[in-house]
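Q: Next comes the structure file work19.txt, holding compact mmCIF, C-alpha atoms and all ligand atoms.
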```txt
# COMPACT_ATOMS: atom_id res chain seq x y z
CA VAL A 10 138.40 145.42 93.40
CA SER A 11 140.21 142.32 94.50
CA CYS A 12 139.37 138.93 93.00
CA ALA A 13 139.04 137.63 96.59
CA ILE A 14 135.76 139.55 96.83
CA GLY A 15 134.15 137.35 94.24
CA LEU A 16 134.30 135.96 90.77
CA LEU A 17 131.41 138.13 89.64
CA LEU A 18 133.32 141.33 90.31
CA CYS A 19 136.31 139.99 88.43
CA LEU A 20 134.17 139.19 85.44
CA GLN A 21 132.93 142.78 85.44
CA GLU A 22 136.44 144.01 84.81
CA PHE A 23 135.87 143.78 81.04
CA GLN A 24 132.41 145.12 80.25
CA LYS A 25 130.67 144.02 77.07
CA THR A 26 127.23 145.42 77.93
CA PRO A 27 126.08 149.05 77.46
CA PHE A 28 127.22 151.67 79.97
CA VAL A 29 125.46 154.93 80.66
CA ASP A 30 125.71 157.53 83.41
CA GLU A 31 123.53 160.66 83.48
CA PHE A 32 125.06 161.70 86.84
CA ASN A 33 121.67 162.12 88.52
CA GLU A 34 122.86 160.85 91.91
CA ALA A 35 124.22 163.09 94.68
CA SER A 36 127.70 161.65 94.27
CA LEU A 37 129.77 159.85 91.66
CA ASP A 38 128.85 156.15 91.32
CA ALA A 39 131.90 154.30 92.67
CA ALA A 40 130.75 151.10 90.97
CA LYS A 41 131.17 152.86 87.62
CA TRP A 42 133.99 155.37 88.15
CA LEU A 43 137.46 155.81 89.55
CA VAL A 44 138.78 159.28 90.41
CA ALA A 45 142.32 159.88 89.19
CA PHE A 46 145.24 160.95 91.37
CA ARG A 47 148.27 161.01 89.13
CA GLN A 48 150.62 163.09 87.05
CA TRP A 49 151.86 162.53 83.53
CA SER A 50 153.54 164.59 80.80
CA ASP A 51 156.41 166.94 81.81
CA GLU A 52 157.23 168.67 85.11
CA ASP A 53 155.21 171.81 84.32
CA CYS A 54 152.02 169.79 84.67
CA GLY A 55 150.54 169.60 88.14
CA GLY A 56 148.61 166.40 87.49
CA VAL A 57 144.95 165.58 88.15
CA VAL A 58 143.57 165.57 91.70
CA PRO A 59 140.22 164.56 93.27
CA GLU A 60 139.55 168.04 94.71
CA ASN A 61 138.94 169.19 91.12
CA VAL A 62 136.10 166.70 90.51
CA SER A 63 132.57 167.22 91.85
CA VAL A 64 128.99 166.21 91.05
CA ARG A 65 126.26 168.85 90.83
CA ASP A 66 122.82 169.19 89.21
CA GLY A 67 123.06 166.04 87.13
CA THR A 68 126.56 166.81 85.88
CA VAL A 69 130.19 166.20 86.76
CA ILE A 70 132.29 169.36 87.04
CA PHE A 71 135.98 169.11 86.22
CA GLU A 72 138.03 172.10 87.36
CA ALA A 73 141.34 173.13 85.88
CA HIS A 74 143.56 175.58 87.75
CA GLY A 75 145.83 177.75 85.62
CA ASN A 76 148.84 180.01 86.17
CA ARG A 77 146.75 182.58 88.09
CA TYR A 78 145.34 180.11 90.61
CA THR A 79 146.21 180.95 94.24
CA GLY A 80 143.71 178.67 96.05
CA PRO A 81 144.38 175.82 98.47
CA VAL A 82 144.33 172.78 96.14
CA ARG A 83 147.88 171.51 95.58
CA GLY A 84 149.14 169.78 92.48
CA ILE A 85 151.20 166.60 92.53
CA ARG A 86 154.44 165.31 91.05
CA ARG A 87 154.98 162.06 89.16
CA ASP A 88 155.67 160.27 92.49
CA ARG A 89 152.33 161.74 93.76
CA SER A 90 154.00 163.95 96.37
CA ASP A 91 152.49 167.45 96.82
CA ARG A 92 153.71 170.37 94.77
CA ALA A 93 154.25 173.78 96.40
CA ASP A 94 151.40 175.31 94.39
CA GLY A 95 148.18 174.37 92.63
CA ARG A 96 148.90 175.76 89.18
CA ARG A 97 148.28 173.76 85.99
CA VAL A 98 146.28 171.12 87.84
CA GLY A 99 143.19 169.37 86.49
CA GLY A 100 140.82 166.55 87.37
CA ALA A 101 139.78 163.32 85.69
CA VAL A 102 137.77 160.15 86.13
CA ALA A 103 137.99 156.77 84.44
CA THR A 104 135.54 153.90 84.14
CA ARG A 105 136.19 151.12 86.65
CA ASN A 106 135.61 148.53 83.91
CA ARG A 107 137.46 148.24 80.64
CA PHE A 108 135.86 148.37 77.22
CA ALA A 109 137.04 147.61 73.70
CA SER A 110 135.31 148.31 70.36
CA GLY A 111 132.23 150.48 70.73
CA ARG A 112 130.54 153.83 70.49
CA TYR A 113 131.89 156.25 73.12
CA GLU A 114 129.85 159.38 73.65
CA VAL A 115 130.20 162.35 76.04
CA ARG A 116 127.77 165.28 76.30
CA ALA A 117 129.81 168.17 77.64
CA LYS A 118 130.65 171.84 77.77
CA VAL A 119 134.42 171.85 77.34
CA ALA A 120 136.54 174.14 79.54
CA PRO A 121 136.49 177.45 77.61
CA ALA A 122 140.11 178.49 78.20
CA PHE A 123 143.40 178.04 76.40
CA GLY A 124 146.03 176.13 78.32
CA VAL A 125 143.63 173.47 79.55
CA CYS A 126 142.94 170.32 77.58
CA SER A 127 139.39 168.95 77.77
CA ALA A 128 139.81 165.33 76.85
CA PHE A 129 137.96 162.06 76.33
CA TRP A 130 140.11 158.98 75.85
CA THR A 131 140.47 155.23 76.05
CA PHE A 132 143.63 154.08 77.77
CA HIS A 133 145.47 150.76 77.98
CA TYR A 134 148.98 151.05 79.35
CA GLU A 135 151.61 148.53 80.29
CA GLU A 136 155.23 149.24 81.33
CA ARG A 137 157.67 146.55 80.31
CA ASP A 138 161.14 145.56 81.54
CA LYS A 139 162.62 146.15 78.11
CA GLY A 140 161.64 148.50 75.31
CA GLU A 141 158.77 150.89 74.99
CA PRO A 142 155.59 150.55 77.04
CA ILE A 143 152.48 149.14 75.42
CA ASN A 144 150.07 152.05 74.91
CA HIS A 145 146.73 151.63 73.17
CA GLU A 146 144.75 154.85 73.22
CA ILE A 147 142.14 156.93 71.36
CA ASP A 148 141.62 160.62 72.22
CA ILE A 149 139.60 163.69 71.40
CA GLU A 150 141.25 166.82 72.80
CA LEU A 151 140.15 170.45 72.76
CA PRO A 152 141.06 173.18 72.01
CA GLY A 153 142.98 172.29 68.86
CA ARG A 154 144.87 174.18 66.19
CA PRO A 155 145.00 174.02 62.40
CA ALA A 156 148.52 172.60 62.09
CA LYS A 157 151.46 171.12 63.94
CA PRO A 158 153.19 174.27 65.32
CA PHE A 159 152.08 175.29 68.82
CA GLN A 160 150.13 178.35 67.65
CA ASP A 161 146.70 179.57 66.50
CA PHE A 162 144.86 177.63 69.22
CA SER A 163 141.13 177.53 68.57
CA PHE A 164 137.90 176.00 69.80
CA GLU A 165 136.94 175.43 66.17
CA TRP A 166 139.62 172.74 66.08
CA ALA A 167 140.30 169.53 67.94
CA LEU A 168 143.07 166.97 68.02
CA CYS A 169 141.95 163.42 67.24
CA ASN A 170 144.55 160.76 68.01
CA THR A 171 145.12 157.04 67.94
CA PHE A 172 148.11 155.48 69.74
CA LEU A 173 149.47 152.03 69.09
CA THR A 174 152.86 151.51 70.69
CA PRO A 175 155.27 149.89 70.49
CA GLU A 176 154.04 148.55 67.14
CA ARG A 177 153.62 151.65 65.05
CA LYS A 178 153.13 154.79 67.19
CA VAL A 179 150.69 157.62 66.77
CA THR A 180 148.26 159.12 64.29
CA SER A 181 147.54 162.70 65.33
CA ASP A 182 145.09 164.64 63.19
CA HIS A 183 144.16 168.31 63.35
CA VAL A 184 140.43 168.45 62.80
CA ARG A 185 138.13 171.34 61.89
CA LEU A 186 134.85 171.19 63.81
CA PRO A 187 131.32 172.20 62.76
CA GLY A 188 131.50 175.32 64.98
CA ARG A 189 133.12 176.92 68.01
CA GLN A 190 132.95 174.66 71.04
CA ASP A 191 133.45 177.36 73.71
CA ASP A 192 129.95 178.77 73.18
CA GLY A 193 128.60 177.82 76.62
CA ARG A 194 126.37 175.08 75.19
CA PHE A 195 126.49 171.34 75.54
CA HIS A 196 127.97 169.45 72.61
CA THR A 197 128.25 165.74 71.93
CA TYR A 198 131.70 164.25 71.41
CA ARG A 199 131.77 160.72 70.12
CA PHE A 200 134.01 158.16 68.57
CA ASP A 201 133.14 154.80 67.09
CA TRP A 202 136.05 152.43 67.65
CA HIS A 203 136.10 149.46 65.28
CA THR A 204 138.71 146.79 66.07
CA GLY A 205 137.69 144.91 62.96
CA SER A 206 135.28 142.24 61.80
CA PRO A 207 134.37 140.63 58.48
CA THR A 208 132.04 143.59 57.83
CA GLN A 209 133.80 146.42 59.68
CA LYS A 210 137.18 147.76 58.65
CA LYS A 211 139.49 148.50 61.57
CA ARG A 212 139.14 152.27 62.12
CA VAL A 213 138.02 155.07 64.43
CA GLU A 214 135.33 157.55 63.36
CA PHE A 215 135.15 160.82 65.31
CA TYR A 216 131.91 162.79 65.53
CA VAL A 217 131.00 166.19 67.01
CA ASP A 218 127.26 166.82 67.36
CA ASP A 219 126.63 163.83 65.06
CA THR A 220 128.79 165.28 62.28
CA LEU A 221 131.58 162.94 61.16
CA VAL A 222 134.71 165.08 61.47
CA ARG A 223 137.44 162.48 60.92
CA THR A 224 138.11 158.82 60.22
CA ILE A 225 141.47 157.36 61.28
CA GLU A 226 142.49 154.01 59.81
CA THR A 227 146.12 153.89 60.97
CA ASN A 228 147.49 152.87 64.38
CA VAL A 229 144.05 151.73 65.52
CA PRO A 230 144.20 150.05 68.95
CA ASP A 231 142.64 146.69 69.76
CA ARG A 232 143.32 146.29 73.51
CA ALA A 233 140.50 147.03 75.93
CA GLY A 234 141.07 149.93 78.30
CA ARG A 235 139.33 152.27 80.67
CA PHE A 236 137.48 155.27 79.27
CA TRP A 237 138.77 158.55 80.72
CA VAL A 238 137.04 161.94 80.93
CA GLY A 239 138.78 165.00 82.32
CA VAL A 240 140.76 168.20 82.06
CA TRP A 241 144.51 168.65 82.46
CA CYS A 242 147.11 171.28 81.65
CA PRO A 243 149.60 170.13 79.02
CA PRO A 244 152.90 171.99 78.62
CA ASN A 245 152.27 173.35 75.15
CA PHE A 246 149.63 171.95 72.86
CA THR A 247 146.57 173.91 74.05
CA GLY A 248 148.24 177.29 74.64
CA ALA A 249 149.41 179.15 77.76
CA ALA A 250 147.35 178.50 80.91
CA ASP A 251 146.89 182.19 81.80
CA PHE A 252 143.66 181.75 83.75
CA ASP A 253 142.64 181.10 87.34
CA THR A 254 139.92 178.44 87.09
CA ALA A 255 138.19 176.89 84.08
CA ARG A 256 135.49 174.23 84.21
CA MET A 257 134.34 171.41 81.98
CA VAL A 258 130.76 170.30 82.63
CA VAL A 259 129.82 166.73 81.65
CA ASP A 260 126.14 165.88 81.46
CA ARG A 261 126.28 162.27 80.30
CA VAL A 262 128.67 159.47 79.34
CA LYS A 263 127.54 156.56 77.25
CA ILE A 264 129.38 153.51 75.89
CA GLU A 265 127.80 150.97 73.57
CA PRO A 266 130.19 148.05 73.04
CA PHE A 267 130.29 146.63 69.48
CA GLY A 268 131.81 143.29 70.57
CA GLU A 269 133.85 142.98 67.37
CA PRO A 270 136.15 139.96 66.95
CA GLY A 271 139.18 142.27 66.79
CA ASP A 272 138.78 143.11 70.52
CA VAL A 273 141.68 142.04 72.73
CA PHE A 274 141.10 141.64 76.46
CA VAL A 275 144.34 141.55 78.44
CA PRO A 276 144.83 142.89 81.97
CA GLU A 277 146.92 145.96 82.79
CA PRO A 278 149.45 145.23 85.55
CA ASP A 279 149.74 148.66 87.21
CA ASP A 280 146.53 149.81 88.84
CA SER A 281 147.60 152.61 91.17
CA GLY A 282 146.91 156.35 90.99
CA TRP A 283 143.33 156.54 92.24
CA ALA A 284 141.65 158.62 94.95
CA PRO A 285 138.93 157.36 97.34
CA GLY A 286 136.39 159.61 95.59
CA PRO A 287 135.65 163.16 94.39
CA GLY A 288 137.23 165.71 96.78
CA LYS A 289 139.02 162.97 98.71
CA ARG A 290 142.78 162.87 98.47
CA PRO A 291 144.41 159.50 99.19
CA ALA A 292 145.87 159.17 102.69
CA ARG A 293 149.67 159.12 102.64
CA CA B 301 123.04 164.61 83.34
```
Would you encode the structure as structure tokens?
Ligand SMILES: [Ca+2]
A:
Amino acid sequence: VSCAIGLLLCLQEFQKTPFVDEFNEASLDAAKWLVAFRQWSDEDCGGVVPENVSVRDGTVIFEAHGNRYTGPVRGIRRDRSDRADGRRVGGAVATRNRFASGRYEVRAKVAPAFGVCSAFWTFHYEERDKGEPINHEIDIELPGRPAKPFQDFSFEWALCNTFLTPERKVTSDHVRLPGRQDDGRFHTYRFDWHTGSPTQKKRVEFYVDDTLVRTIETNVPDRAGRFWVGVWCPPNFTGAADFDTARMVVDRVKIEPFGEPGDVFVPEPDDSGWAPGPGKRPAR
């Protein structure tokens, strides 16, 4: 949204009021969501594309295509050119507006396959001429594993992370969950992000089905960012992607801003990597 359209739209860029989407409309609400068209991580990853995002029966469906996928949807490279195949390709959306401290909650059935990462994350990112980029981020990622080596992947575990670069880096915690998450039922994934106030210590609390599973007090971000929901295929940390298609189903997303004084609202310069909507690849 360009500032030329109106001051009101520009003011909406940083949202300090509650956000909720139950996905009861026929299509994704473009006032609330952007559909991602981009690739990150290493070359084995086929990125996230709009063909893998759809709205159905009050939910958003995120498809991931694994090593056995032979269908027509192509992955993309870092420069957003088409790949020859559609393997290890996911789908993701992000809120149009940016949020800072608050309660972030997603009701979802995570994709029940190894090799795909079902993820919910805040993201503020800024490339700089010199030195490391600025990256403020909080994630919940499933499946997890009990320890650092890339083995023993399990839906009883998740990875809970906070990123704060270039200042200090990353806290990455392996977290045991109250039960298996690939049981075909909806579960609630939540984190409470405190940027700090006279009564709230700077920290992130992670909850699954209202059970506190982890509190992280190191490398806690303070810069507002978009909230992302999606699936993607990382090179290693969720196992081998030996499946055709796996789906994450998201029933509801809710954000309740805390408005803590530790919040920092600064714009992100690069705003490319979006599709016109679910199923619609950008014209090139
Ligand atoms: Ca719903």
Q: Check the smallest atom-to-atom distance from each of A:Val259, A:Ala39, A:Cys242, A:Ala120 to A:Gly55 using all atoms listed in the file, then report the winner.
A: A:Cys242
Q: Residues within 9 Å of ligand CA 301 (chain B), counting all atoms listed in the file: report them as a list in words.
A: Asp30, Glu31, Phe32, Asn33, Asp66, Gly67, Thr68, Val69, Arg116, Val259, Asp260, Arg261 and Val262 of chain A
Q: Between atom CA of A:Pro207 and atom CA of A:Phe28, what is the distance, to one decimal in Å?
A: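 Distance reported for this atom pair: 25.2 Å.
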Q: So, counting only C-alpha atoms, which residue among A:Trp166, A:Trp283, A:Tyr198, A:Phe159 is closest to A:Ala45?
A: A:Trp283
Q: So which residues touch A:Lys263 within 12 Å, counting all atoms listed in the file, skipping near sequence neighbours fewer than 4 positions away, as a PyMOL selection string?
A: chain A and resi 26-32+41+104+108+111-117+129+197-201+236-238+259
Q: So how far away is atom CA of A:Leu221 from atom CA of A:Gly188, in Å?
A: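 Those two atoms sit 13.0 Å apart.
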Q: Name the closest residue to A:Gly80 among the candidates A:Ala93, A:Val119, A:Leu168, A:Ala109; distances are taken between atoms, counting all atoms listed in the file.
A: A:Ala93
Q: Would you please work out which residue, of A:Asp138, A:Glu269, A:Asp38, A:Glu72, is nearest to A:Arg256 when using only C-alpha atoms?
A: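 Ranked by minimum distance to A:Arg256, first place goes to A:Glu72.
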Q: Would you please work out which residue, of A:His133, A:Lys210, A:Arg77, A:Arg185, is nearest to A:Arg232 when using only C-alpha atoms?
A: A:His133
